[in-house]
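Chemist: Input coords.pdb, format and content: PDB, C-alpha atoms.
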ATOM      1  CA  MET A  39    -187.283 -22.520 -59.812
ATOM      2  CA  ALA A  40    -186.749 -19.162 -58.202
ATOM      3  CA  ASN A  41    -189.699 -16.910 -57.366
ATOM      4  CA  ILE A  42    -187.845 -13.654 -56.753
ATOM      5  CA  LYS A  43    -187.117 -11.508 -59.802
ATOM      6  CA  SER A  44    -183.442 -10.916 -58.923
ATOM      7  CA  ALA A  45    -182.913 -14.653 -58.383
ATOM      8  CA  LYS A  46    -184.419 -15.364 -61.809
ATOM      9  CA  LYS A  47    -182.026 -12.833 -63.336
ATOM     10  CA  ARG A  48    -179.053 -14.422 -61.560
ATOM     11  CA  ILE A  49    -180.003 -17.794 -63.045
ATOM     12  CA  LEU A  50    -179.903 -16.297 -66.549
ATOM     13  CA  VAL A  51    -176.563 -14.597 -65.861
ATOM     14  CA  ILE A  52    -175.064 -17.806 -64.474
ATOM     15  CA  ASP A  53    -176.213 -19.708 -67.575
ATOM     16  CA  LYS A  54    -174.467 -17.167 -69.833
ATOM     17  CA  LYS A  55    -171.263 -17.291 -67.805
ATOM     18  CA  THR A  56    -171.301 -21.085 -67.727
ATOM     19  CA  ALA A  57    -171.669 -21.214 -71.505
ATOM     20  CA  ARG A  58    -168.790 -18.760 -71.978
ATOM     21  CA  ASN A  59    -166.533 -20.643 -69.570
ATOM     22  CA  LYS A  60    -167.306 -23.931 -71.282
ATOM     23  CA  ARG A  61    -166.571 -22.450 -74.708
ATOM     24  CA  VAL A  62    -163.254 -20.969 -73.547
ATOM     25  CA  LYS A  63    -162.169 -24.188 -71.805
ATOM     26  CA  ASN A  64    -163.028 -26.325 -74.837
ATOM     27  CA  HIS A  65    -161.093 -23.997 -77.133
ATOM     28  CA  LEU A  66    -158.167 -24.100 -74.721
ATOM     29  CA  LYS A  67    -158.201 -27.907 -74.688
ATOM     30  CA  GLU A  68    -158.207 -27.950 -78.495
ATOM     31  CA  THR A  69    -155.156 -25.692 -78.722
ATOM     32  CA  LEU A  70    -153.298 -27.753 -76.111
ATOM     33  CA  LYS A  71    -154.152 -30.929 -78.033
ATOM     34  CA  ASP A  72    -152.875 -29.370 -81.272
ATOM     35  CA  PHE A  73    -149.613 -28.521 -79.521
ATOM     36  CA  ASP A  74    -149.279 -32.100 -78.237
ATOM     37  CA  LEU A  75    -149.871 -33.527 -81.711
ATOM     38  CA  ALA A  76    -147.298 -31.207 -83.276
ATOM     39  CA  LEU A  77    -144.777 -32.126 -80.579
ATOM     40  CA  GLU A  78    -145.369 -35.867 -81.022
ATOM     41  CA  ALA A  79    -145.023 -35.531 -84.784
ATOM     42  CA  GLY A  80    -141.645 -33.882 -84.255
ATOM     43  CA  ASP A  81    -142.558 -30.758 -86.222
ATOM     44  CA  MET A  82    -140.689 -28.174 -84.143
ATOM     45  CA  ASP A  83    -141.625 -25.165 -86.284
ATOM     46  CA  ASP A  84    -145.312 -25.973 -86.016
ATOM     47  CA  ALA A  85    -144.949 -26.792 -82.314
ATOM     48  CA  ALA A  86    -143.293 -23.405 -81.697
ATOM     49  CA  GLU A  87    -146.241 -21.629 -83.331
ATOM     50  CA  LYS A  88    -148.703 -23.731 -81.341
ATOM     51  CA  LEU A  89    -146.795 -22.952 -78.131
ATOM     52  CA  VAL A  90    -147.182 -19.211 -78.713
ATOM     53  CA  LEU A  91    -150.894 -19.706 -79.424
ATOM     54  CA  CYS A  92    -151.316 -21.819 -76.268
ATOM     55  CA  GLU A  93    -149.642 -19.155 -74.141
ATOM     56  CA  LYS A  94    -151.943 -16.518 -75.619
ATOM     57  CA  LYS A  95    -155.081 -18.576 -74.999
ATOM     58  CA  LEU A  96    -154.009 -19.401 -71.434
ATOM     59  CA  LYS A  97    -153.441 -15.721 -70.658
ATOM     60  CA  GLN A  98    -156.811 -14.813 -72.166
ATOM     61  CA  ALA A  99    -158.579 -17.465 -70.100
ATOM     62  CA  ALA A 100    -156.830 -16.207 -66.965
ATOM     63  CA  ALA A 101    -157.773 -12.617 -67.769
ATOM     64  CA  LYS A 102    -161.440 -13.628 -68.006
ATOM     65  CA  HIS A 103    -161.167 -15.593 -64.710
ATOM     66  CA  VAL A 104    -162.022 -18.862 -66.436
ATOM     67  CA  ILE A 105    -158.848 -20.333 -64.938
ATOM     68  CA  SER A 106    -156.620 -18.815 -62.293
ATOM     69  CA  LYS A 107    -153.505 -16.835 -63.170
ATOM     70  CA  GLU A 108    -151.413 -19.379 -61.267
ATOM     71  CA  ALA A 109    -152.848 -22.280 -63.283
ATOM     72  CA  ALA A 110    -152.206 -20.448 -66.555
ATOM     73  CA  SER A 111    -148.649 -19.686 -65.496
ATOM     74  CA  ARG A 112    -148.035 -23.272 -64.398
ATOM     75  CA  LYS A 113    -149.404 -24.734 -67.641
ATOM     76  CA  THR A 114    -147.373 -22.287 -69.746
ATOM     77  CA  SER A 115    -144.219 -23.214 -67.872
ATOM     78  CA  ARG A 116    -144.828 -26.935 -68.303
ATOM     79  CA  LEU A 117    -145.538 -26.542 -72.023
ATOM     80  CA  ALA A 118    -142.338 -24.549 -72.535
ATOM     81  CA  LYS A 119    -140.375 -27.127 -70.560
ATOM     82  CA  ARG A 120    -141.725 -29.975 -72.709
ATOM     83  CA  PHE A 121    -141.036 -28.033 -75.895
ATOM     84  CA  ASN A 122    -137.453 -27.262 -74.888
ATOM     85  CA  ALA A 123    -136.815 -30.895 -73.899
ATOM     86  CA  ALA A 124    -138.177 -32.133 -77.242
ATOM     87  CA  LYS A 125    -136.119 -29.538 -79.104
ATOM     88  CA  ALA A 126    -132.951 -30.566 -77.266
ATOM     89  CA  ALA A 127    -133.617 -34.239 -78.019
ATOM     90  CA  LYS A 128    -133.725 -33.561 -81.780
TER      91      LYS A 128
END
Mind converting the file's structure to structure tokens?
Modeler:
Amino acid sequence: MANIKSAKKRILVIDKKTARNKRVKNHLKETLKDFDLALEAGDMDDAAEKLVLCEKKLKQAAAKHVISKEAASRKTSRLAKRFNAAKAAK
């Protein structure tokens, strides 16, 4: 345990940030899972809505520095690619 007052404060701040990051990442995983399920089910209308929601959540996570902008961009691109391939296969 830290003895210095500023170090104690940093520990509290880090705990808050860790909790926020964990919450955002878990929510992001849930939305990505929902998209996967909609895509597997073959429901293209629902998958299109989920894709838009996933893109939004990825951009929000990148804006809050939970994930990097490059990672958000890469994931968005891969999701769109999978969606377009599934749409073309139908």
Chemist: If I take atom CA of A:Lys88 and atom CA of A:Asp72, how far is one from the other in Å, to one decimal?
Modeler: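 Atom CA of A:Asp72 lies 7.0 Å from atom CA of A:Lys88.
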Chemist: Near stretch 57-59 of chain A, within 6 Å and counting all atoms listed in the file, which residues show up once chain neighbours fewer than 3 positions away are dropped, as a ChimeraX atom specification?
Modeler: /A:54,62,104
Chemist: Output C-alpha atoms for every residue in that selection, as a PDB file, in the frame of the given file.
Modeler:
ATOM      1  CA  LYS A  54    -174.467 -17.167 -69.833  1.00  0.00           C
ATOM      2  CA  VAL A  62    -163.254 -20.969 -73.547  1.00  0.00           C
ATOM      3  CA  VAL A 104    -162.022 -18.862 -66.436  1.00  0.00           C
TER       4      VAL A 104
END
Chemist: How big is the axis-aligned box, and where does its centre sit, when it encloses all atoms of stretch 96-111 of chain A listed in the file and has 8 Å added on every side, reported in Å to one decimal as JSON?
Modeler:
{"center_x": -155.3, "center_y": -17.4, "center_z": -66.7, "size_x": 29.4, "size_y": 25.7, "size_z": 26.9}
Chemist: Atom CA of A:Lys97 and atom CA of A:Ile49, how far apart in Å?
Modeler: 27.7 Å
Chemist: With the PyMOL selection byres ((chain A and resi 95) around 10) as the selection, what would be picked from this file? Answer as a PDB file with C-alpha atoms, in the frame of the given file, please.
Modeler:
ATOM      1  CA  VAL A  62    -163.254 -20.969 -73.547  1.00  0.00           C
ATOM      2  CA  LYS A  63    -162.169 -24.188 -71.805  1.00  0.00           C
ATOM      3  CA  HIS A  65    -161.093 -23.997 -77.133  1.00  0.00           C
ATOM      4  CA  LEU A  66    -158.167 -24.100 -74.721  1.00  0.00           C
ATOM      5  CA  LYS A  67    -158.201 -27.907 -74.688  1.00  0.00           C
ATOM      6  CA  THR A  69    -155.156 -25.692 -78.722  1.00  0.00           C
ATOM      7  CA  LEU A  70    -153.298 -27.753 -76.111  1.00  0.00           C
ATOM      8  CA  LEU A  89    -146.795 -22.952 -78.131  1.00  0.00           C
ATOM      9  CA  VAL A  90    -147.182 -19.211 -78.713  1.00  0.00           C
ATOM     10  CA  LEU A  91    -150.894 -19.706 -79.424  1.00  0.00           C
ATOM     11  CA  CYS A  92    -151.316 -21.819 -76.268  1.00  0.00           C
ATOM     12  CA  GLU A  93    -149.642 -19.155 -74.141  1.00  0.00           C
ATOM     13  CA  LYS A  94    -151.943 -16.518 -75.619  1.00  0.00           C
ATOM     14  CA  LEU A  96    -154.009 -19.401 -71.434  1.00  0.00           C
ATOM     15  CA  LYS A  97    -153.441 -15.721 -70.658  1.00  0.00           C
ATOM     16  CA  GLN A  98    -156.811 -14.813 -72.166  1.00  0.00           C
ATOM     17  CA  ALA A  99    -158.579 -17.465 -70.100  1.00  0.00           C
ATOM     18  CA  ALA A 100    -156.830 -16.207 -66.965  1.00  0.00           C
ATOM     19  CA  ALA A 101    -157.773 -12.617 -67.769  1.00  0.00           C
ATOM     20  CA  ALA A 110    -152.206 -20.448 -66.555  1.00  0.00           C
TER      21      ALA A 110
END
Chemist: Taking only C-alpha atoms into account, which of A:Glu108, A:Glu87, A:Glu78, A:Asp53 comes nearest A:Lys128?
Modeler: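 Ranking A:Glu108, A:Glu87, A:Glu78, A:Asp53 by distance to A:Lys128, first place goes to A:Glu78.
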Chemist: Using atom CA of A:Leu50 and atom CA of A:Ser106 as the two end points, give the distance in Å to one decimal.
Modeler: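 Interatomic distance, atom CA of A:Leu50 to atom CA of A:Ser106: 23.8 Å.
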Chemist: Would you please work out which residue, of A:Leu77, A:Ile105, A:Val51, A:Met39, is nearest to A:Ala118 when using all atoms listed in the file?
Modeler: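 Among the listed residues, the smallest separation from A:Ala118 belongs to A:Leu77.
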Chemist: If you count all atoms listed in the file, which residues fall within 12 Å of A:Ala124, apart from same-chain ones fewer than 4 positions away, as a PyMOL selection string?
Modeler: chain A and resi 74+76-83+85-86+117-120+128
